[in-house]
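Asker: Dropping in input-v6.pdb, with PDB, C-alpha atoms.
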ATOM      1  CA  MET A 567      -1.184  12.635 -14.617
ATOM      2  CA  ILE A 568      -2.098  10.142 -11.865
ATOM      3  CA  ARG A 569      -5.280   8.283 -12.783
ATOM      4  CA  VAL A 570      -7.475   7.231  -9.843
ATOM      5  CA  LEU A 571     -10.424   4.860  -9.504
ATOM      6  CA  LEU A 572     -12.802   5.535  -6.593
ATOM      7  CA  ALA A 573     -14.723   2.647  -5.006
ATOM      8  CA  ASP A 574     -17.310   3.532  -2.351
ATOM      9  CA  ASP A 575     -20.990   2.634  -2.092
ATOM     10  CA  GLU A 576     -21.929   6.167  -0.962
ATOM     11  CA  ALA A 577     -22.254   8.688  -3.796
ATOM     12  CA  MET A 578     -21.662  11.640  -1.462
ATOM     13  CA  ILE A 579     -18.386  10.132  -0.250
ATOM     14  CA  ARG A 580     -17.254   9.622  -3.839
ATOM     15  CA  ALA A 581     -18.187  13.232  -4.629
ATOM     16  CA  GLY A 582     -16.197  14.461  -1.646
ATOM     17  CA  LEU A 583     -13.148  12.415  -2.590
ATOM     18  CA  THR A 584     -13.371  13.654  -6.165
ATOM     19  CA  ALA A 585     -13.471  17.257  -4.927
ATOM     20  CA  ILE A 586     -10.391  16.735  -2.756
ATOM     21  CA  LEU A 587      -8.444  15.023  -5.534
ATOM     22  CA  ALA A 588      -9.417  17.804  -7.953
ATOM     23  CA  THR A 589      -7.398  20.273  -5.865
ATOM     24  CA  ASP A 590      -4.256  18.575  -7.219
ATOM     25  CA  PRO A 591      -3.859  19.305 -10.958
ATOM     26  CA  GLY A 592      -1.728  16.194 -11.318
ATOM     27  CA  ILE A 593      -4.502  13.796 -10.249
ATOM     28  CA  THR A 594      -7.658  12.854 -12.124
ATOM     29  CA  VAL A 595     -10.530  10.462 -11.332
ATOM     30  CA  VAL A 596     -11.092   8.145 -14.300
ATOM     31  CA  ALA A 597     -13.928   5.992 -12.922
ATOM     32  CA  GLU A 598     -16.174   5.411  -9.908
ATOM     33  CA  ALA A 599     -17.508   2.134  -8.537
ATOM     34  CA  ALA A 600     -20.375   1.613  -6.091
ATOM     35  CA  ASP A 601     -19.363  -1.899  -4.999
ATOM     36  CA  GLY A 602     -16.335  -4.169  -4.885
ATOM     37  CA  ARG A 603     -17.230  -6.246  -7.914
ATOM     38  CA  GLU A 604     -17.675  -3.144 -10.046
ATOM     39  CA  ALA A 605     -14.353  -1.833  -8.710
ATOM     40  CA  VAL A 606     -12.531  -4.937  -9.933
ATOM     41  CA  GLU A 607     -14.196  -4.746 -13.355
ATOM     42  CA  LEU A 608     -13.475  -1.025 -13.771
ATOM     43  CA  ALA A 609      -9.877  -1.451 -12.613
ATOM     44  CA  HIS A 610      -9.269  -3.980 -15.373
ATOM     45  CA  ALA A 611     -11.072  -1.785 -17.900
ATOM     46  CA  HIS A 612      -9.410   1.550 -17.070
ATOM     47  CA  GLN A 613      -6.004   0.432 -15.693
ATOM     48  CA  PRO A 614      -5.777   3.304 -13.163
ATOM     49  CA  ASP A 615      -2.562   4.137 -11.336
ATOM     50  CA  VAL A 616      -4.248   3.923  -7.920
ATOM     51  CA  VAL A 617      -7.537   2.557  -6.569
ATOM     52  CA  LEU A 618      -9.083   4.153  -3.478
ATOM     53  CA  MET A 619     -11.135   1.323  -1.977
ATOM     54  CA  ASP A 620     -13.755   1.464   0.775
ATOM     55  CA  ILE A 621     -14.105  -1.683   2.907
ATOM     56  CA  ARG A 622     -17.811  -2.162   3.517
ATOM     57  CA  MET A 623     -19.521  -2.393   0.139
ATOM     58  CA  PRO A 624     -22.193  -4.657  -1.380
ATOM     59  CA  ARG A 625     -21.612  -7.633  -3.722
ATOM     60  CA  LEU A 626     -17.916  -7.823  -2.860
ATOM     61  CA  ASP A 627     -16.303  -6.055   0.084
ATOM     62  CA  GLY A 628     -13.290  -3.838  -0.391
ATOM     63  CA  LEU A 629     -10.812  -6.228   1.185
ATOM     64  CA  ALA A 630     -11.835  -9.080  -1.106
ATOM     65  CA  ALA A 631     -11.725  -6.717  -4.073
ATOM     66  CA  SER A 632      -8.247  -5.569  -3.038
ATOM     67  CA  ALA A 633      -7.095  -9.173  -2.908
ATOM     68  CA  GLU A 634      -8.353  -9.733  -6.474
ATOM     69  CA  LEU A 635      -6.450  -6.663  -7.654
ATOM     70  CA  ALA A 636      -3.170  -7.574  -5.924
ATOM     71  CA  GLY A 637      -0.412  -7.352  -8.510
ATOM     72  CA  VAL A 638      -2.750  -5.608 -10.983
ATOM     73  CA  VAL A 639      -3.042  -2.098  -9.576
ATOM     74  CA  PRO A 640      -2.001  -0.503  -6.247
ATOM     75  CA  VAL A 641      -4.894  -0.199  -3.788
ATOM     76  CA  VAL A 642      -5.235   2.252  -0.919
ATOM     77  CA  VAL A 643      -7.860   1.022   1.522
ATOM     78  CA  LEU A 644      -9.923   3.993   2.668
ATOM     79  CA  THR A 645     -12.237   3.446   5.619
ATOM     80  CA  THR A 646     -13.841   4.859   8.737
ATOM     81  CA  PHE A 647     -12.799   1.740  10.624
ATOM     82  CA  ASP A 648      -9.374   1.225  12.167
ATOM     83  CA  GLU A 649      -9.807  -2.097  13.962
ATOM     84  CA  ASP A 650      -6.680  -4.240  13.934
ATOM     85  CA  ASP A 651      -8.321  -7.092  12.019
ATOM     86  CA  TYR A 652      -9.172  -4.775   9.103
ATOM     87  CA  VAL A 653      -5.626  -3.425   8.997
ATOM     88  CA  ALA A 654      -4.056  -6.887   9.186
ATOM     89  CA  ARG A 655      -6.310  -8.320   6.500
ATOM     90  CA  ALA A 656      -5.850  -5.364   4.165
ATOM     91  CA  LEU A 657      -2.067  -5.654   4.355
ATOM     92  CA  ALA A 658      -2.125  -9.442   4.062
ATOM     93  CA  ASP A 659      -4.350  -9.212   0.993
ATOM     94  CA  GLY A 660      -1.890  -6.980  -0.809
ATOM     95  CA  ALA A 661      -3.086  -3.416  -0.213
ATOM     96  CA  SER A 662      -0.410  -0.769  -0.825
ATOM     97  CA  GLY A 663      -1.840   1.666   1.692
ATOM     98  CA  PHE A 664      -4.372   2.156   4.454
ATOM     99  CA  LEU A 665      -5.957   5.530   5.130
ATOM    100  CA  LEU A 666      -8.709   6.579   7.511
ATOM    101  CA  LYS A 667     -11.524   8.748   6.168
ATOM    102  CA  ALA A 668     -11.106  10.971   9.211
ATOM    103  CA  ALA A 669      -7.606  11.919   8.023
ATOM    104  CA  ASP A 670      -6.726  15.413   6.842
ATOM    105  CA  PRO A 671      -7.593  15.842   3.126
ATOM    106  CA  ARG A 672      -3.950  16.640   2.433
ATOM    107  CA  GLU A 673      -3.069  13.147   3.643
ATOM    108  CA  LEU A 674      -5.247  11.688   0.881
ATOM    109  CA  LEU A 675      -3.229  13.529  -1.768
ATOM    110  CA  ILE A 676       0.041  12.445  -0.161
ATOM    111  CA  ALA A 677      -1.119   8.816  -0.072
ATOM    112  CA  VAL A 678      -2.211   8.794  -3.713
ATOM    113  CA  ARG A 679       1.037  10.345  -4.904
ATOM    114  CA  ALA A 680       3.180   8.020  -2.757
ATOM    115  CA  VAL A 681       1.465   4.856  -3.954
ATOM    116  CA  ALA A 682       1.447   6.003  -7.579
ATOM    117  CA  ASP A 683       5.202   6.566  -7.254
ATOM    118  CA  GLY A 684       5.682   2.956  -6.190
ATOM    119  CA  ALA A 685       5.936   3.564  -2.448
ATOM    120  CA  ALA A 686       3.574   2.365   0.263
ATOM    121  CA  TYR A 687       1.503   4.557   2.557
ATOM    122  CA  LEU A 688       0.066   3.907   5.983
ATOM    123  CA  SER A 689      -1.885   6.498   7.907
ATOM    124  CA  PRO A 690       0.287   7.507  10.896
ATOM    125  CA  ARG A 691      -2.382   6.147  13.263
ATOM    126  CA  VAL A 692      -2.370   2.840  11.430
ATOM    127  CA  ALA A 693       1.421   2.678  11.205
ATOM    128  CA  HIS A 694       1.673   3.104  14.965
ATOM    129  CA  ARG A 695      -0.665   0.153  15.508
ATOM    130  CA  VAL A 696       1.193  -2.020  13.007
ATOM    131  CA  ILE A 697       4.549  -1.327  14.657
ATOM    132  CA  ALA A 698       3.073  -1.956  18.106
ATOM    133  CA  GLY A 699       1.702  -5.246  16.847
ATOM    134  CA  LEU A 700       5.072  -6.260  15.475
ATOM    135  CA  ARG A 701       6.724  -5.542  18.810
ATOM    136  CA  THR A 702       4.329  -7.873  20.595
ATOM    137  CA  SER A 703       4.175 -10.574  17.886
ATOM    138  CA  GLU A 704       5.359 -14.111  18.478
ATOM    139  CA  LEU A 705       9.110 -14.595  18.816
ATOM    140  CA  THR A 706       9.350 -16.865  15.783
ATOM    141  CA  ARG A 707       8.498 -14.086  13.323
ATOM    142  CA  PRO A 708      11.861 -12.244  13.583
ATOM    143  CA  ALA A 709      13.739 -15.519  13.099
ATOM    144  CA  VAL A 710      11.736 -16.371   9.994
ATOM    145  CA  ALA A 711      12.175 -12.849   8.639
ATOM    146  CA  ARG A 712      15.948 -12.906   9.226
ATOM    147  CA  LYS A 713      16.256 -16.199   7.386
ATOM    148  CA  LYS A 714      14.398 -14.796   4.368
ATOM    149  CA  VAL A 715      16.423 -11.582   4.327
ATOM    150  CA  GLU A 716      19.724 -13.442   4.637
ATOM    151  CA  ALA A 717      18.874 -15.309   1.432
ATOM    152  CA  LEU A 718      18.815 -12.032  -0.521
ATOM    153  CA  THR A 719      21.867 -10.635  -2.276
ATOM    154  CA  PRO A 720      23.736  -7.772  -0.571
ATOM    155  CA  ARG A 721      22.355  -5.281  -3.111
ATOM    156  CA  GLU A 722      18.824  -6.583  -2.613
ATOM    157  CA  ARG A 723      19.234  -6.100   1.149
ATOM    158  CA  ASP A 724      20.352  -2.512   0.481
ATOM    159  CA  VAL A 725      17.211  -1.898  -1.579
ATOM    160  CA  LEU A 726      14.997  -3.612   1.008
ATOM    161  CA  THR A 727      16.404  -1.417   3.782
ATOM    162  CA  LEU A 728      15.462   1.727   1.866
ATOM    163  CA  VAL A 729      12.031   0.303   1.034
ATOM    164  CA  GLY A 730      11.572  -0.289   4.753
ATOM    165  CA  ARG A 731      12.425   3.360   5.395
ATOM    166  CA  GLY A 732       9.665   4.454   3.029
ATOM    167  CA  LEU A 733      11.711   5.617   0.051
ATOM    168  CA  SER A 734      10.256   5.536  -3.469
ATOM    169  CA  ASN A 735      11.977   3.792  -6.382
ATOM    170  CA  GLN A 736      13.307   7.119  -7.618
ATOM    171  CA  GLU A 737      14.767   7.973  -4.212
ATOM    172  CA  ILE A 738      16.328   4.523  -3.868
ATOM    173  CA  ALA A 739      17.872   4.826  -7.318
ATOM    174  CA  ARG A 740      19.402   8.165  -6.371
ATOM    175  CA  ASP A 741      20.739   6.958  -3.006
ATOM    176  CA  LEU A 742      22.280   3.758  -4.406
ATOM    177  CA  HIS A 743      23.407   5.304  -7.723
ATOM    178  CA  LEU A 744      21.319   2.879  -9.758
ATOM    179  CA  ALA A 745      18.957   3.201 -12.703
ATOM    180  CA  GLU A 746      15.309   3.251 -11.639
ATOM    181  CA  GLY A 747      14.683   0.214 -13.846
ATOM    182  CA  THR A 748      17.394  -1.665 -11.950
ATOM    183  CA  VAL A 749      15.710  -0.784  -8.659
ATOM    184  CA  LYS A 750      12.402  -2.127  -9.983
ATOM    185  CA  ALA A 751      14.116  -5.360 -11.043
ATOM    186  CA  HIS A 752      15.697  -5.734  -7.596
ATOM    187  CA  LEU A 753      12.326  -5.068  -5.961
ATOM    188  CA  SER A 754      10.632  -7.773  -8.031
ATOM    189  CA  SER A 755      13.339 -10.224  -6.982
ATOM    190  CA  ILE A 756      12.992  -9.141  -3.341
ATOM    191  CA  LEU A 757       9.231  -9.704  -3.329
ATOM    192  CA  ARG A 758       9.747 -13.204  -4.751
ATOM    193  CA  GLY A 759      12.518 -13.994  -2.295
ATOM    194  CA  LEU A 760      10.539 -12.826   0.727
ATOM    195  CA  ASP A 761       7.337 -14.454  -0.597
ATOM    196  CA  VAL A 762       5.364 -11.226  -0.166
ATOM    197  CA  GLN A 763       3.025  -9.346  -2.488
ATOM    198  CA  ASN A 764       3.994  -5.699  -2.109
ATOM    199  CA  ARG A 765       6.223  -3.063  -0.546
ATOM    200  CA  VAL A 766       4.243  -2.827   2.681
ATOM    201  CA  GLN A 767       4.727  -6.527   3.395
ATOM    202  CA  ALA A 768       8.391  -6.297   2.384
ATOM    203  CA  ALA A 769       8.876  -3.365   4.781
ATOM    204  CA  ILE A 770       7.264  -5.352   7.590
ATOM    205  CA  THR A 771       9.649  -8.238   6.900
ATOM    206  CA  ALA A 772      12.580  -5.818   6.972
ATOM    207  CA  TYR A 773      11.391  -4.479  10.331
ATOM    208  CA  GLU A 774      10.983  -7.977  11.757
ATOM    209  CA  ALA A 775      14.442  -8.961  10.487
ATOM    210  CA  GLY A 776      15.949  -5.989  12.307
ATOM    211  CA  ILE A 777      17.737  -4.442   9.314
ATOM    212  CA  LEU A 778      16.255  -0.956   9.593
ATOM    213  CA  GLY A 779      18.626   0.223  12.287
ATOM    214  CA  GLY A 780      16.015   0.942  14.970
TER     215      GLY A 780
END
Mind turning the file's structure into structure tokens?
Answerer:
Amino acid sequence: MIRVLLADDEAMIRAGLTAILATDPGITVVAEAADGREAVELAHAHQPDVVLMDIRMPRLDGLAASAELAGVVPVVVLTTFDEDDYVARALADGASGFLLKAADPRELLIAVRAVADGAAYLSPRVAHRVIAGLRTSELTRPAVARKKVEALTPRERDVLTLVGRGLSNQEIARDLHLAEGTVKAHLSSILRGLDVQNRVQAAITAYEAGILGG
């Protein structure tokens, strides 16, 4: 069972999200928060598998709350806003996913399951913007990324390539004929070596380093 914490200052939005998640028998909502500070407190108290986090909330906004929860629980930022600065900050602060509230309800279920499985999830609209931004970013970024990737072991680079292609730990283990625990150990080492917080940032580094094969 995937345990989810909802954080949104609008009760009707939380009710709608709960109704959508209830259509999947493998997902349950364990707590609801009406602001970012409450979201952080409830995340520590309930230890959910995934937090769905709105951005604009009182006391503590969703991005700041996501930053506090980085490394504690995966966060999917859920918002009506898709401005580039929100996307960039959410990813920089350690969010594992970014989903627009205007997305198809089925996309919400896909995102929750992907993040709970250890993968990252970006709404297709958001992913397009991120990739476009990488293509127009300063020329020094690829060089820095290549240097970081080159410092990894060959097996770690294999794992990073599959992370960059969106595979889960289970899928990577199957493709590389490794135990899932070994994949998790490699991933922890990769995150340290690349000096990033999560799979999304690692995938971006892989893209910038040019190891994804186009």
Asker: Work out how far atom CA of Ile593 of chain A is from atom CA of Thr646 of chain A, in Å to one decimal.
Answerer: 23.0 Å
Asker: Give as a list in words the residues that the PyMOL selection byres ((chain A and resi 573) around 8) matches when applied to the coordinates above.
Answerer: Leu571, Leu572, Asp574, Asp575, Arg580, Glu598, Ala599, Ala600, Asp601, Gly602, Ala605, Val617, Leu618, Met619 and Asp620 of chain A
Asker: Can you tell me, as a ChimeraX atom specification, which residues sit within 10 Å of (0.0, 4.0, -7.0) in the file's frame, using all atoms listed in the file?
Answerer: /A:568-570,614-618,639-642,662-663,677-687
Asker: Of the candidates A:Arg707, A:Arg655, A:Arg672, A:His610, which one gets nearest to Ala630 of chain A if we count only C-alpha atoms?
Answerer: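 Checking each of A:Arg707, A:Arg655, A:Arg672, A:His610 against Ala630 of chain A, counting only C-alpha atoms, the winner is A:Arg655.
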Asker: Do a neighbour search on Lys750 of chain A at 10 Å with only C-alpha atoms, toss out local chain neighbours closer than 6 positions, and write the hits as number ranges by chain.
Answerer: A: 684, 725, 735-736, 738-739, 756
Asker: Of the candidates A:Gly582, A:Ala669, A:Glu604, A:Ala609, which one gets nearest to Arg625 of chain A if we count all atoms listed in the file?
Answerer: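 Using all atoms listed in the file, Arg625 of chain A sits closest to A:Glu604.
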Asker: So the first atom is atom CA of Asp659 of chain A and the second is atom CA of Leu760 of chain A; what is the distance between them in Å, to one decimal place?
Answerer: 15.3 Å
Asker: Report the residues retrieved by the PyMOL selection byres ((chain A and resi 764) around 10) from the displayed file, expressed as a PDB file with C-alpha atoms, keeping the file's coordinate frame.
Answerer:
ATOM      1  CA  ALA A 636      -3.170  -7.574  -5.924  1.00  0.00           C
ATOM      2  CA  GLY A 637      -0.412  -7.352  -8.510  1.00  0.00           C
ATOM      3  CA  PRO A 640      -2.001  -0.503  -6.247  1.00  0.00           C
ATOM      4  CA  LEU A 657      -2.067  -5.654   4.355  1.00  0.00           C
ATOM      5  CA  ALA A 658      -2.125  -9.442   4.062  1.00  0.00           C
ATOM      6  CA  ASP A 659      -4.350  -9.212   0.993  1.00  0.00           C
ATOM      7  CA  GLY A 660      -1.890  -6.980  -0.809  1.00  0.00           C
ATOM      8  CA  ALA A 661      -3.086  -3.416  -0.213  1.00  0.00           C
ATOM      9  CA  SER A 662      -0.410  -0.769  -0.825  1.00  0.00           C
ATOM     10  CA  GLY A 684       5.682   2.956  -6.190  1.00  0.00           C
ATOM     11  CA  ALA A 685       5.936   3.564  -2.448  1.00  0.00           C
ATOM     12  CA  ALA A 686       3.574   2.365   0.263  1.00  0.00           C
ATOM     13  CA  LEU A 753      12.326  -5.068  -5.961  1.00  0.00           C
ATOM     14  CA  SER A 754      10.632  -7.773  -8.031  1.00  0.00           C
ATOM     15  CA  ILE A 756      12.992  -9.141  -3.341  1.00  0.00           C
ATOM     16  CA  LEU A 757       9.231  -9.704  -3.329  1.00  0.00           C
ATOM     17  CA  ARG A 758       9.747 -13.204  -4.751  1.00  0.00           C
ATOM     18  CA  ASP A 761       7.337 -14.454  -0.597  1.00  0.00           C
ATOM     19  CA  VAL A 762       5.364 -11.226  -0.166  1.00  0.00           C
ATOM     20  CA  GLN A 763       3.025  -9.346  -2.488  1.00  0.00           C
ATOM     21  CA  ARG A 765       6.223  -3.063  -0.546  1.00  0.00           C
ATOM     22  CA  VAL A 766       4.243  -2.827   2.681  1.00  0.00           C
ATOM     23  CA  GLN A 767       4.727  -6.527   3.395  1.00  0.00           C
ATOM     24  CA  ALA A 768       8.391  -6.297   2.384  1.00  0.00           C
ATOM     25  CA  ALA A 769       8.876  -3.365   4.781  1.00  0.00           C
TER      26      ALA A 769
END
Asker: Please provide the set of residues having any atom within 12 Å of Phe647 of chain A, restricted to all atoms listed in the file, with same-chain residues fewer than 6 positions apart removed, written as a list of chain:residue names.
Answerer: A:Asp620, A:Ile621, A:Arg622, A:Val653, A:Ala656, A:Phe664, A:Leu665, A:Leu666, A:Lys667, A:Ala668, A:Ala669, A:Arg691, A:Val692
Asker: Record the distance separating atom CA of Glu746 of chain A and atom CA of Leu718 of chain A, expressed in Å with one decimal.
Answerer: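 About the pair atom CA of Glu746 of chain A and atom CA of Leu718 of chain A: they are 19.2 Å apart.
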Asker: Padding 5 Å on every side, please: axis-aligned box over the listed atoms of segment 592-597 of chain A, centre and edge lengths to one decimal in Å, as JSON.
Answerer:
{"center_x": -7.8, "center_y": 11.1, "center_z": -12.3, "size_x": 22.2, "size_y": 20.2, "size_z": 14.1}
Asker: Might you spell out which residues the PyMOL selection byres ((chain A and resi 711-715) around 10) would select in the displayed file, as a list in words?
Answerer: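 Listing what the PyMOL selection byres ((chain A and resi 711-715) around 10) selects in the shown file: Thr706, Arg707, Pro708, Ala709, Val710, Glu716, Ala717, Leu718, Thr719, Pro720, Glu722, Arg723, Leu726, Ile756, Gly759, Leu760, Asp761, Ala768, Ile770, Thr771, Ala772, Tyr773, Glu774, Ala775, Gly776 and Ile777 of chain A.
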Asker: If you keep C-alpha atoms, can you produce a file of those selected residues as a compact mmCIF listing (two decimals), in the frame of the given file?
Answerer:
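Below you can see selection_1.txt, which holds the result:
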# COMPACT_ATOMS: atom_id res chain seq x y z
CA THR A 706 9.35 -16.86 15.78
CA ARG A 707 8.50 -14.09 13.32
CA PRO A 708 11.86 -12.24 13.58
CA ALA A 709 13.74 -15.52 13.10
CA VAL A 710 11.74 -16.37 9.99
CA GLU A 716 19.72 -13.44 4.64
CA ALA A 717 18.87 -15.31 1.43
CA LEU A 718 18.82 -12.03 -0.52
CA THR A 719 21.87 -10.64 -2.28
CA PRO A 720 23.74 -7.77 -0.57
CA GLU A 722 18.82 -6.58 -2.61
CA ARG A 723 19.23 -6.10 1.15
CA LEU A 726 15.00 -3.61 1.01
CA ILE A 756 12.99 -9.14 -3.34
CA GLY A 759 12.52 -13.99 -2.30
CA LEU A 760 10.54 -12.83 0.73
CA ASP A 761 7.34 -14.45 -0.60
CA ALA A 768 8.39 -6.30 2.38
CA ILE A 770 7.26 -5.35 7.59
CA THR A 771 9.65 -8.24 6.90
CA ALA A 772 12.58 -5.82 6.97
CA TYR A 773 11.39 -4.48 10.33
CA GLU A 774 10.98 -7.98 11.76
CA ALA A 775 14.44 -8.96 10.49
CA GLY A 776 15.95 -5.99 12.31
CA ILE A 777 17.74 -4.44 9.31
